[in-house]
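Source file: run.cif (mmCIF, C-alpha atoms)
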data_coords
#
loop_
_atom_site.label_atom_id
_atom_site.label_comp_id
_atom_site.auth_asym_id
_atom_site.auth_seq_id
_atom_site.Cartn_x
_atom_site.Cartn_y
_atom_site.Cartn_z
CA MET D 935 0.00 0.00 0.00
CA SER D 936 1.36 3.42 -0.90
CA ILE D 937 1.23 6.18 1.75
CA THR D 938 2.33 9.74 1.14
CA VAL D 939 2.17 12.99 3.09
CA THR D 940 1.44 16.13 1.10
CA TYR D 941 1.44 19.83 2.00
CA GLN D 942 -0.96 21.98 -0.02
CA GLY D 943 0.49 25.23 1.24
CA LEU D 944 2.46 26.87 4.02
CA LYS D 945 -0.65 27.43 6.08
CA ASP D 946 -2.11 23.97 5.50
CA GLN D 947 -1.65 21.13 7.94
CA PRO D 948 -0.07 17.91 6.59
CA LEU D 949 -2.44 15.32 5.16
CA LEU D 950 -2.02 11.57 5.34
CA ASN D 951 -2.91 9.97 1.98
CA THR D 952 -3.84 6.29 2.17
CA GLY D 953 -5.82 3.89 0.04
CA SER D 954 -8.83 4.38 2.28
CA GLY D 955 -8.80 8.16 2.28
CA ARG D 956 -7.04 11.36 3.37
CA TYR D 957 -6.62 12.25 7.04
CA PRO D 958 -5.08 15.09 9.07
CA SER D 959 -1.82 14.18 10.82
CA LEU D 960 -1.95 12.45 14.20
CA LYS D 961 -0.20 15.48 15.74
CA ALA D 962 -2.94 17.74 14.48
CA GLN D 963 -5.60 15.38 15.83
CA ALA D 964 -3.93 15.26 19.24
CA THR D 965 -3.72 19.03 19.34
CA ALA D 966 -7.40 19.33 18.51
CA GLN D 967 -8.44 16.76 21.13
CA ASP D 968 -6.12 17.77 23.97
CA PRO D 969 -5.76 21.53 24.53
CA GLY D 970 -2.78 21.20 26.87
CA ALA D 971 -0.25 23.99 26.99
CA MET D 972 0.19 24.27 23.21
CA GLY D 973 -3.54 23.95 22.76
CA LEU D 974 -4.05 27.00 24.93
CA TYR D 975 -1.43 28.83 22.93
CA TYR D 976 -2.85 27.95 19.48
CA SER D 977 -6.39 28.60 20.62
CA GLY D 978 -5.49 32.16 21.50
CA ASN D 979 -5.36 31.56 25.28
CA ALA D 980 -1.71 32.46 25.75
CA PRO D 981 -2.54 34.76 28.73
CA GLN D 982 -4.11 31.81 30.60
CA LEU D 983 -1.07 29.70 29.78
CA ASN D 984 1.23 32.40 31.11
CA LEU D 985 -0.88 32.64 34.29
CA SER D 986 -0.61 28.88 34.84
CA ILE D 987 3.17 29.03 34.44
CA ARG D 988 3.39 31.93 36.89
CA GLN D 989 1.27 30.06 39.45
CA THR D 990 3.67 27.12 39.25
CA GLU D 991 6.61 29.47 39.65
CA GLN D 992 4.91 31.15 42.63
CA GLU D 993 4.55 27.79 44.39
CA ARG D 994 8.25 27.09 43.82
CA VAL D 995 9.25 30.52 45.14
CA LEU D 996 7.10 30.15 48.26
CA ALA D 997 8.68 26.75 48.99
CA GLU D 998 12.16 28.22 48.53
CA VAL D 999 11.35 31.14 50.84
CA ARG D 1000 10.19 28.70 53.50
CA GLN D 1001 13.41 26.69 53.29
CA ARG D 1002 15.48 29.87 53.58
CA LEU D 1003 13.48 30.94 56.63
CA ILE D 1004 14.02 27.55 58.28
CA SER D 1005 17.76 27.74 57.59
CA LEU D 1006 17.93 31.26 59.05
CA ALA D 1007 16.02 30.17 62.15
CA LEU D 1008 18.40 27.24 62.72
CA THR D 1009 21.44 29.47 62.30
CA ILE D 1010 20.08 31.86 64.94
CA ASP D 1011 19.14 29.02 67.29
CA ASN D 1012 22.67 27.59 67.03
CA LEU D 1013 24.48 30.80 67.98
CA THR D 1014 27.04 30.29 70.76
CA PRO D 1015 27.64 33.73 72.32
CA PRO D 1016 30.72 33.82 74.56
CA ALA D 1017 30.36 34.24 78.31
CA GLY D 1018 31.58 37.53 79.73
CA ASP D 1019 32.64 40.70 77.96
CA ARG D 1020 35.91 39.52 76.41
CA PRO D 1021 35.25 37.23 73.44
CA GLY D 1022 38.91 37.49 72.48
CA GLN D 1023 39.71 35.41 75.56
CA ALA D 1024 36.79 33.01 75.26
CA VAL D 1025 37.07 29.30 74.50
CA THR D 1026 34.19 27.90 72.45
CA ALA D 1027 33.23 24.32 71.63
CA LEU D 1028 31.58 24.06 68.21
CA SER D 1029 29.36 21.19 67.12
CA PRO D 1030 28.80 20.82 63.35
CA ASP D 1031 25.28 19.53 64.13
CA PRO D 1032 23.94 21.23 67.29
CA GLN D 1033 20.55 19.58 66.83
CA ALA D 1034 22.13 16.16 67.36
CA MET D 1035 25.14 17.00 69.52
CA ALA D 1036 25.40 19.96 71.90
CA ALA D 1037 28.84 21.09 73.04
CA ALA D 1038 30.39 23.38 75.66
CA ALA D 1039 33.88 24.22 76.92
CA ASP D 1040 35.26 26.12 79.91
CA SER D 1041 38.13 28.61 79.96
CA GLN D 1042 40.65 25.86 80.79
CA ALA D 1043 39.88 23.77 77.72
CA THR D 1044 42.68 23.01 75.30
CA ALA D 1045 42.35 25.10 72.14
CA PRO D 1046 42.60 24.55 69.29
CA ALA D 1047 41.46 20.94 69.55
CA SER D 1048 39.06 18.53 67.86
CA TYR D 1049 37.25 15.35 68.90
CA GLY D 1050 35.62 12.68 66.77
CA LEU D 1051 32.15 11.71 68.00
CA LYS D 1052 29.24 9.74 66.66
CA VAL D 1053 25.80 9.02 68.10
CA GLU D 1054 24.23 5.76 66.99
CA TRP D 1055 21.29 6.60 69.24
CA PRO D 1056 20.94 8.69 72.42
CA ALA D 1057 19.91 7.28 75.76
CA ALA D 1058 16.19 7.33 76.47
CA PRO D 1059 14.51 6.95 79.86
CA GLY D 1060 11.74 4.46 80.54
CA GLN D 1061 8.34 5.87 79.64
CA VAL D 1062 4.72 5.19 80.51
CA LEU D 1063 2.22 6.41 77.92
CA SER D 1064 -1.50 6.07 78.50
CA PRO D 1065 -3.91 5.32 75.64
CA ALA D 1066 -5.30 8.36 73.79
CA GLN D 1067 -8.35 9.93 75.39
CA ASN D 1068 -10.89 12.43 74.13
CA PRO D 1069 -9.99 15.39 76.38
CA ILE D 1070 -13.59 16.61 76.74
CA ALA D 1071 -15.11 13.17 77.39
CA LEU D 1072 -16.37 12.57 80.94
CA VAL D 1073 -14.58 10.09 83.21
CA ASP D 1074 -16.19 6.83 84.27
CA GLN D 1075 -14.00 6.08 87.29
CA ALA D 1076 -15.60 5.83 90.73
CA ASP D 1077 -16.11 9.08 92.63
CA GLY D 1078 -13.72 9.72 95.50
CA ALA D 1079 -10.06 9.18 96.39
CA HIS D 1080 -7.92 6.72 94.44
CA THR D 1081 -4.53 5.77 95.90
CA PHE D 1082 -1.53 4.19 94.18
CA THR D 1083 2.20 3.79 94.73
CA LEU D 1084 4.96 5.34 92.65
CA THR D 1085 8.22 3.48 93.25
CA ILE D 1086 11.38 5.36 92.16
CA ASN D 1087 14.72 3.55 92.32
CA GLY D 1088 13.35 1.18 94.95
CA VAL D 1089 11.71 3.86 97.13
CA ALA D 1090 7.89 3.64 97.28
CA HIS D 1091 5.73 6.78 97.50
CA GLN D 1092 1.98 6.57 98.08
CA LEU D 1093 -0.13 9.11 96.19
CA SER D 1094 -3.81 9.98 96.33
CA VAL D 1095 -5.85 11.56 93.53
CA THR D 1096 -9.50 12.54 93.86
CA VAL D 1097 -11.95 11.78 91.07
CA ASP D 1098 -15.07 13.92 90.82
CA ASN D 1099 -17.88 11.84 89.34
CA HIS D 1100 -21.09 12.81 91.09
CA PRO D 1101 -24.17 14.78 90.00
CA GLY D 1102 -23.25 18.36 89.23
CA GLN D 1103 -19.49 17.68 89.20
CA VAL D 1104 -17.93 15.26 86.73
CA ASP D 1105 -14.30 15.46 85.62
CA THR D 1106 -13.32 15.43 81.97
CA GLN D 1107 -10.48 13.19 80.86
CA GLU D 1108 -8.25 16.26 80.53
CA ASP D 1109 -9.07 17.32 84.10
CA LEU D 1110 -8.20 13.94 85.59
CA LEU D 1111 -5.06 13.37 83.50
CA GLY D 1112 -3.79 16.80 84.50
CA ARG D 1113 -4.42 16.02 88.17
CA LEU D 1114 -2.49 12.77 87.83
CA ALA D 1115 0.41 14.54 86.10
CA ARG D 1116 0.71 17.14 88.88
CA ALA D 1117 0.61 14.51 91.62
CA ILE D 1118 3.31 12.36 90.00
CA SER D 1119 5.60 15.26 89.09
CA GLY D 1120 5.54 16.57 92.66
CA VAL D 1121 7.18 13.48 94.19
CA ASP D 1122 10.77 13.48 92.93
CA PRO D 1123 12.58 15.39 90.14
CA ALA D 1124 13.82 12.03 88.86
CA VAL D 1125 10.34 11.32 87.46
CA SER D 1126 8.11 13.79 85.64
CA ALA D 1127 4.67 13.57 84.08
CA GLN D 1128 2.78 15.69 81.60
CA VAL D 1129 -0.35 15.63 79.48
CA ILE D 1130 0.50 15.44 75.79
CA ALA D 1131 -2.06 16.87 73.37
CA SER D 1132 -2.16 15.49 69.84
CA GLN D 1133 -4.36 15.34 66.78
CA GLU D 1134 -5.97 12.02 65.94
CA ASP D 1135 -9.38 10.33 65.96
CA ALA D 1136 -10.67 9.92 69.53
CA HIS D 1137 -13.53 7.65 68.36
CA ASP D 1138 -16.23 9.40 70.34
CA PRO D 1139 -19.35 10.03 68.23
CA LEU D 1140 -21.00 12.02 71.03
CA HIS D 1141 -18.55 14.92 70.70
CA HIS D 1142 -17.47 17.09 67.80
CA LEU D 1143 -13.74 17.53 68.55
CA LEU D 1144 -12.80 14.04 67.40
CA ASN D 1145 -9.36 15.09 66.21
CA ARG D 1146 -8.11 16.19 69.65
CA THR D 1147 -6.63 13.66 72.06
CA ALA D 1148 -4.77 13.71 75.36
CA ARG D 1149 -2.31 11.20 76.82
CA LEU D 1150 -0.51 10.99 80.14
CA SER D 1151 3.25 10.63 79.67
CA ILE D 1152 5.48 9.63 82.62
CA GLN D 1153 9.25 9.31 82.24
CA GLY D 1154 12.48 9.29 84.18
CA ALA D 1155 15.01 12.10 84.04
CA ASP D 1156 17.49 9.76 82.34
CA ALA D 1157 18.03 6.11 81.54
CA SER D 1158 19.43 5.37 85.01
CA VAL D 1159 16.08 6.04 86.70
CA SER D 1160 13.76 3.09 87.30
CA PHE D 1161 10.14 3.57 88.38
CA SER D 1162 6.81 1.75 88.50
CA LEU D 1163 3.18 2.41 89.45
CA ALA D 1164 0.60 0.13 91.11
CA ASP D 1165 -2.96 0.60 92.40
CA VAL D 1166 -3.57 0.48 96.17
CA GLN D 1167 -7.21 1.54 96.32
CA GLY D 1168 -9.05 2.42 93.13
CA THR D 1169 -8.39 1.67 89.47
CA LEU D 1170 -6.50 4.65 88.01
CA VAL D 1171 -3.28 2.76 87.23
CA SER D 1172 -5.09 -0.17 85.61
CA ASP D 1173 -7.68 1.98 83.82
CA TYR D 1174 -5.00 4.13 82.16
CA HIS D 1175 -2.53 1.24 81.67
CA LEU D 1176 0.11 2.99 83.78
CA GLY D 1177 1.61 -0.27 84.98
CA THR D 1178 3.31 -0.94 81.63
CA GLN D 1179 6.30 1.03 80.39
CA THR D 1180 8.91 0.99 77.68
CA PRO D 1181 12.28 0.04 79.21
CA PRO D 1182 15.09 2.61 79.41
CA ARG D 1183 17.61 2.59 76.57
CA ALA D 1184 21.34 3.19 76.97
CA ALA D 1185 23.18 5.56 74.63
CA SER D 1186 25.27 4.02 71.87
CA LEU D 1187 28.20 6.28 71.03
CA MET D 1188 31.52 6.33 69.23
CA VAL D 1189 34.14 8.45 71.02
CA ALA D 1190 37.50 8.83 69.27
CA GLY D 1191 36.67 5.76 67.22
CA VAL D 1192 35.90 3.61 70.28
CA PRO D 1193 32.34 2.17 70.65
CA THR D 1194 30.81 3.18 73.98
CA THR D 1195 27.55 2.31 75.72
CA GLN D 1196 26.39 4.40 78.68
CA ALA D 1197 23.23 5.16 80.63
CA GLY D 1198 23.28 8.93 80.05
CA ASN D 1199 23.90 11.25 77.11
CA ASN D 1200 26.68 13.41 78.60
CA ILE D 1201 30.21 12.94 77.25
CA SER D 1202 33.25 14.28 79.12
CA LEU D 1203 36.33 15.28 77.10
CA ASP D 1204 39.66 16.99 77.84
CA SER D 1205 39.59 15.99 81.54
CA GLY D 1206 36.11 17.47 81.92
CA HIS D 1207 36.91 20.86 80.36
CA VAL D 1208 34.92 20.01 77.22
CA GLY D 1209 31.47 18.47 77.39
CA ALA D 1210 29.10 17.14 74.75
CA THR D 1211 25.52 15.94 75.00
CA ALA D 1212 23.99 13.44 72.61
CA LEU D 1213 20.57 14.70 71.54
CA ASP D 1214 19.80 12.67 68.44
CA THR D 1215 21.33 10.21 65.99
CA THR D 1216 24.11 11.85 63.96
CA ASN D 1217 24.53 11.47 60.24
CA GLY D 1218 27.90 9.77 60.51
CA PRO D 1219 30.90 10.90 62.61
CA LEU D 1220 31.11 14.51 63.78
CA GLU D 1221 34.23 16.56 64.34
CA LEU D 1222 33.64 18.63 67.47
CA SER D 1223 36.14 21.49 67.50
CA VAL D 1224 37.35 23.81 70.27
CA GLU D 1225 38.51 27.28 69.34
CA ALA D 1226 39.87 30.25 71.30
CA GLY D 1227 39.06 33.87 70.52
CA ALA D 1228 36.20 35.82 68.98
CA GLY D 1229 36.27 33.96 65.65
CA PRO D 1230 33.28 31.69 66.33
CA ILE D 1231 30.80 34.39 67.33
CA THR D 1232 32.04 36.72 64.57
CA ARG D 1233 31.51 34.06 61.89
CA GLN D 1234 28.12 33.13 63.30
CA LEU D 1235 26.90 36.73 63.27
CA ASP D 1236 28.26 37.19 59.74
CA SER D 1237 26.30 34.07 58.72
CA VAL D 1238 23.05 35.42 60.20
CA ILE D 1239 23.53 38.76 58.45
CA GLY D 1240 24.48 37.06 55.16
CA GLN D 1241 21.45 34.75 55.18
CA TYR D 1242 19.17 37.66 56.08
CA ASN D 1243 20.52 39.79 53.20
CA ASP D 1244 20.30 36.91 50.73
CA LEU D 1245 16.71 36.25 51.78
CA LEU D 1246 15.73 39.88 51.17
CA SER D 1247 17.46 39.86 47.78
CA TYR D 1248 15.49 36.75 46.87
CA LEU D 1249 12.23 38.41 47.96
CA ASP D 1250 13.06 41.51 45.88
CA SER D 1251 13.80 39.45 42.75
CA HIS D 1252 10.40 37.74 43.08
CA ALA D 1253 8.40 40.71 44.35
CA ASP D 1254 5.74 40.22 41.65
CA LEU D 1255 4.86 36.81 43.16
CA LEU D 1256 4.89 37.75 46.85
CA ARG D 1257 2.91 40.07 49.06
CA PRO D 1258 4.87 43.10 50.34
CA SER D 1259 3.82 42.19 53.90
CA LEU D 1260 6.33 39.32 53.93
CA LYS D 1261 9.32 41.59 53.48
CA ASP D 1262 7.77 44.23 55.74
CA ARG D 1263 7.67 41.75 58.62
CA LEU D 1264 11.30 40.75 58.16
CA VAL D 1265 12.76 44.27 57.89
CA ARG D 1266 10.78 45.75 60.78
CA PRO D 1267 13.26 44.63 63.51
CA LEU D 1268 16.12 46.31 61.63
CA GLU D 1269 14.11 49.45 60.92
CA ASP D 1270 13.38 49.78 64.65
CA ARG D 1271 17.12 49.60 65.47
CA ALA D 1272 18.64 51.29 62.41
CA SER D 1273 20.02 54.22 64.41
CA LEU D 1274 22.05 51.86 66.64
CA MET D 1275 23.83 50.03 63.83
CA PRO D 1276 26.48 52.57 62.65
CA GLU D 1277 28.16 52.44 66.06
CA LEU D 1278 28.93 48.77 65.39
CA GLY D 1279 30.15 49.18 61.82
CA LEU D 1280 26.78 48.18 60.41
CA ARG D 1281 24.29 50.14 58.33
CA ALA D 1282 20.66 49.54 57.41
CA THR D 1283 20.18 50.11 53.66
CA ALA D 1284 17.13 51.54 51.94
CA GLN D 1285 16.29 48.04 50.72
CA GLY D 1286 16.13 46.74 54.30
CA ARG D 1287 19.45 44.89 54.19
CA LEU D 1288 22.27 45.15 56.70
CA SER D 1289 25.56 46.40 55.26
CA VAL D 1290 28.72 45.25 57.08
CA SER D 1291 31.97 47.24 57.16
CA SER D 1292 35.43 46.06 58.20
CA LEU D 1293 34.88 47.84 61.52
CA PHE D 1294 32.34 45.25 62.63
CA ASP D 1295 34.82 42.43 63.31
CA ASP D 1296 36.93 44.78 65.41
CA LYS D 1297 33.87 45.89 67.37
CA VAL D 1298 33.00 42.29 68.28
CA THR D 1299 36.38 42.04 70.03
CA SER D 1300 36.91 45.57 71.33
CA ASP D 1301 33.35 46.50 72.37
CA TYR D 1302 31.47 43.23 72.68
CA PRO D 1303 29.01 44.56 75.33
CA ALA D 1304 27.67 47.05 72.77
CA VAL D 1305 27.45 44.33 70.09
CA ARG D 1306 25.68 42.02 72.51
CA GLN D 1307 23.19 44.67 73.62
CA THR D 1308 22.26 45.77 70.09
CA LEU D 1309 22.27 42.39 68.38
CA LEU D 1310 21.93 39.56 70.88
CA ASP D 1311 20.22 40.64 74.08
CA ARG D 1312 16.51 40.05 74.61
CA GLN D 1313 15.60 43.32 72.90
CA GLY D 1314 18.32 42.95 70.26
CA TRP D 1315 17.96 42.62 66.52
CA VAL D 1316 18.68 38.87 66.28
CA PRO D 1317 16.01 37.74 68.81
CA ALA D 1318 13.50 40.15 67.24
CA LEU D 1319 14.28 38.77 63.78
CA ARG D 1320 13.98 35.20 65.07
CA ASN D 1321 10.57 36.03 66.51
CA LYS D 1322 9.37 37.37 63.15
CA VAL D 1323 10.73 34.33 61.31
CA GLY D 1324 8.90 32.07 63.75
CA GLN D 1325 5.65 33.95 63.21
CA ILE D 1326 5.98 33.64 59.44
CA LEU D 1327 6.78 29.92 59.58
CA ALA D 1328 3.72 29.36 61.78
CA MET D 1329 1.48 30.76 59.02
CA ASP D 1330 0.37 29.04 55.85
CA GLN D 1331 2.85 30.04 53.16
CA THR D 1332 0.02 30.90 50.76
CA ALA D 1333 -0.77 33.86 53.03
CA PHE D 1334 2.17 35.65 51.38
CA ALA D 1335 1.28 34.79 47.78
CA SER D 1336 0.28 37.79 45.69
CA VAL D 1337 -2.83 37.68 43.53
CA LEU D 1338 -1.72 36.79 40.01
CA GLU D 1339 -3.31 38.23 36.90
CA SER D 1340 -2.62 37.81 33.20
CA SER D 1341 0.14 40.23 32.22
CA GLY D 1342 0.91 42.14 29.06
CA LEU D 1343 3.55 41.25 26.48
CA GLN D 1344 6.12 43.68 27.85
CA GLU D 1345 5.83 42.24 31.36
CA GLN D 1346 6.07 38.71 29.99
CA ARG D 1347 9.28 39.62 28.18
CA ARG D 1348 10.73 41.14 31.35
CA ARG D 1349 10.03 37.99 33.32
CA ALA D 1350 11.44 35.82 30.54
CA TRP D 1351 14.71 37.76 30.56
CA LEU D 1352 14.84 37.59 34.38
CA ALA D 1353 14.29 33.81 34.30
CA LEU D 1354 16.97 33.43 31.63
CA ASP D 1355 19.43 35.52 33.63
CA GLN D 1356 18.79 33.43 36.77
CA SER D 1357 19.19 30.19 34.83
CA LEU D 1358 22.49 31.34 33.34
CA SER D 1359 23.72 32.45 36.76
CA GLY D 1360 22.89 29.02 38.16
CA ILE D 1361 24.69 27.26 35.33
CA VAL D 1362 27.79 29.42 35.60
CA GLY D 1363 27.73 29.17 39.41
CA GLY D 1364 27.84 25.41 39.16
CA TYR D 1365 31.40 25.61 37.84
CA TYR D 1366 32.74 27.51 40.88
#

Rendering of file as structure tokens:
Amino acid sequence: MSITVTYQGLKDQPLLNTGSGRYPSLKAQATAQDPGAMGLYYSGNAPQLNLSIRQTEQERVLAEVRQRLISLALTIDNLTPPAGDRPGQAVTALSPDPQAMAAAADSQATAPASYGLKVEWPAAPGQVLSPAQNPIALVDQADGAHTFTLTINGVAHQLSVTVDNHPGQVDTQEDLLGRLARAISGVDPAVSAQVIASQEDAHDPLHHLLNRTARLSIQGADASVSFSLADVQGTLVSDYHLGTQTPPRAASLMVAGVPTTQAGNNISLDSGHVGATALDTTNGPLELSVEAGAGPITRQLDSVIGQYNDLLSYLDSHADLLRPSLKDRLVRPLEDRASLMPELGLRATAQGRLSVSSLFDDKVTSDYPAVRQTLLDRQGWVPALRNKVGQILAMDQTAFASVLESSGLQEQRRRAWLALDQSLSGIVGGYY
């Protein structure tokens, strides 16, 4: 069978010539059946196509802003300000992952020095966790006093908790769990209890707040503490399954390449002058370093300022996709303290950024009290900035998305050139 494709003219679509007839090309049929992106374009709906592309870009920008805010918050949280007014004489222990391994050093610590550490898993105390309860559900325990024993490291303590379950006065689950937590926590600091609120199905069709639950959590201060509970008179321990607990877990560590198992999470180094605390599993070995002088706090402050400035630059380059209120929130702490910055070798710019001169590093060493007061103290710029970042992260990120509308050709060209410039910068930057 002979098949040929012919074009009748420049404006004509290709035709498929077969023995059974002539048909438009499959590509043309697909375009006619499925609008898609090109369908929108050919049908004259290019503005809607451009709006869809911009919405996708806006989602990407909002996600990137969130990641930058999280990174800035972590950098602020991990600051290690020196004790006293002379950072030039301070000795600082620096953990590369403060979320997993905290570190501290005293003035007698050897510096410079480094220590190899790894946390397979931190120690965990034994824990009692009651089943989830609907916090507003009414209790069904007997009215009156219920007594039970709390035994801590072999020493028994008898406790009494009153349950109100009579006409006109009936406890909710949250009331009773809170009363239990206060009674248990008041015995010995080695054991604490608290009511943990969470969001899950409480399986109570008689109430509307099915997604709220409450549990009683009881745990030792560390893995070396042993404790148990047992009913004496009443049924509180059995009703809330407080007689069963997860056993304590020892910490599994690697110190200077040597596997170590211990009950607690504290690690003593350099004859006790350097201390580390295992908080979470590390992603491989860590190199904990000890450094003398003002270098650590200077670099940390430079990092906060650099991340803050980069974040504002990013917001400015995508201002057409974001609400101005996002940047306004972030620059407000600096605007409120702009007059104090020049004394430290810093300057607030018209764009809301913080410009750093060579004088700043000298000020950290020579006049640290002024640096601390303006930047780090409770009313300083860094805590105020951290508070704003926390507020923003607590909100839905779409709250800062601008309302997008179809734009004209000139605006589309501007955005296209901006996107091209950013792409080229990313490509070139990958080689450095």

Compile the contact shell of range 1292-1295 of chain D as a list of chain:residue names: residues with an atom at most 8 Å away, counting all atoms listed in the file, same-chain residues fewer than 6 positions apart removed.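 Surrounding residues, per the criterion: D:Thr1232, D:Leu1278, D:Gly1279, D:Leu1280.
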
Starting from the displayed file, determine the output of the PyMOL selection byres ((chain D and resi 1110-1112) around 8) and express the residue list as a PDB file with C-alpha atoms, keeping the file's coordinate frame.
ATOM      1  CA  VAL D1073     -14.580  10.090  83.210  1.00  0.00           C
ATOM      2  CA  VAL D1097     -11.950  11.780  91.070  1.00  0.00           C
ATOM      3  CA  ASP D1105     -14.300  15.460  85.620  1.00  0.00           C
ATOM      4  CA  THR D1106     -13.320  15.430  81.970  1.00  0.00           C
ATOM      5  CA  GLN D1107     -10.480  13.190  80.860  1.00  0.00           C
ATOM      6  CA  GLU D1108      -8.250  16.260  80.530  1.00  0.00           C
ATOM      7  CA  ASP D1109      -9.070  17.320  84.100  1.00  0.00           C
ATOM      8  CA  ARG D1113      -4.420  16.020  88.170  1.00  0.00           C
ATOM      9  CA  LEU D1114      -2.490  12.770  87.830  1.00  0.00           C
ATOM     10  CA  ALA D1115       0.410  14.540  86.100  1.00  0.00           C
ATOM     11  CA  ARG D1116       0.710  17.140  88.880  1.00  0.00           C
ATOM     12  CA  GLN D1128       2.780  15.690  81.600  1.00  0.00           C
ATOM     13  CA  VAL D1129      -0.350  15.630  79.480  1.00  0.00           C
ATOM     14  CA  ARG D1149      -2.310  11.200  76.820  1.00  0.00           C
ATOM     15  CA  LEU D1150      -0.510  10.990  80.140  1.00  0.00           C
TER      16      LEU D1150
END

Between CA of Leu1063 in chain D and CA of Gln1153 in chain D, what is the distance in Å, rounded to a tenth? 8.7 Å

Can you list, as a list in words, every protein, DNA or RNA residue that comes within 7 Å of range 993-1007 of chain D when you count all atoms listed in the file, leaving out same-chain residues fewer than 3 positions away?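 Contacts, in chain order: Gln989, Thr990, Ile1010, Asp1011, Val1238, Gln1241, Leu1245, Arg1320, Val1323 and Gln1331 of chain D.
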
Name the residues captured by the PyMOL selection byres ((chain D and resi 1261-1265) around 12) when it is applied to the shown file; answer as a PyMOL selection string. chain D and resi 999+1003+1006+1242-1243+1245-1253+1256-1260+1266-1272+1282-1288+1315-1316+1318-1327+1334-1335

For Tyr1049 in chain D, please output as an MDAnalysis selection string all residues within 9 Å (counting all atoms listed in the file; exclusion window: fewer than 5 positions along the same chain). chainID D and resid 1189:1190 1203 1220:1224

Keeping only C-alpha atoms, write the selected residues as a PDB file, in the coordinates of the input.
ATOM      1  CA  VAL D1189      34.140   8.450  71.020  1.00  0.00           C
ATOM      2  CA  ALA D1190      37.500   8.830  69.270  1.00  0.00           C
ATOM      3  CA  LEU D1203      36.330  15.280  77.100  1.00  0.00           C
ATOM      4  CA  LEU D1220      31.110  14.510  63.780  1.00  0.00           C
ATOM      5  CA  GLU D1221      34.230  16.560  64.340  1.00  0.00           C
ATOM      6  CA  LEU D1222      33.640  18.630  67.470  1.00  0.00           C
ATOM      7  CA  SER D1223      36.140  21.490  67.500  1.00  0.00           C
ATOM      8  CA  VAL D1224      37.350  23.810  70.270  1.00  0.00           C
TER       9      VAL D1224
END

Could you expand the PyMOL selection byres ((chain D and resi 1121) around 10) into the explicit residues it covers here, written as a count of residues only? 15

Quick one: of D:Thr1044, D:Thr1178, D:Thr1216, D:Ser1160, who's nearest to Pro1030 in chain D, counting all atoms listed in the file?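 Of D:Thr1044, D:Thr1178, D:Thr1216, D:Ser1160, the one nearest Pro1030 in chain D is D:Thr1216, counting all atoms listed in the file.
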
Atom pair CA of Arg1020 in chain D / CA of Asp1204 in chain D: separation (Å):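 Those two atoms sit 22.9 Å apart.
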
Let me make sure I understand: among D:Asp1040, D:Asp1074, D:Asp1296, D:Glu1054, which one has the smallest atom-to-atom distance to Thr1195 in chain D if we use only C-alpha atoms? D:Glu1054

What gap, in Å, lies between CA of Gly1229 in chain D and CA of Ile1201 in chain D?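 Going from CA of Gly1229 in chain D over to CA of Ile1201 in chain D covers 24.8 Å.
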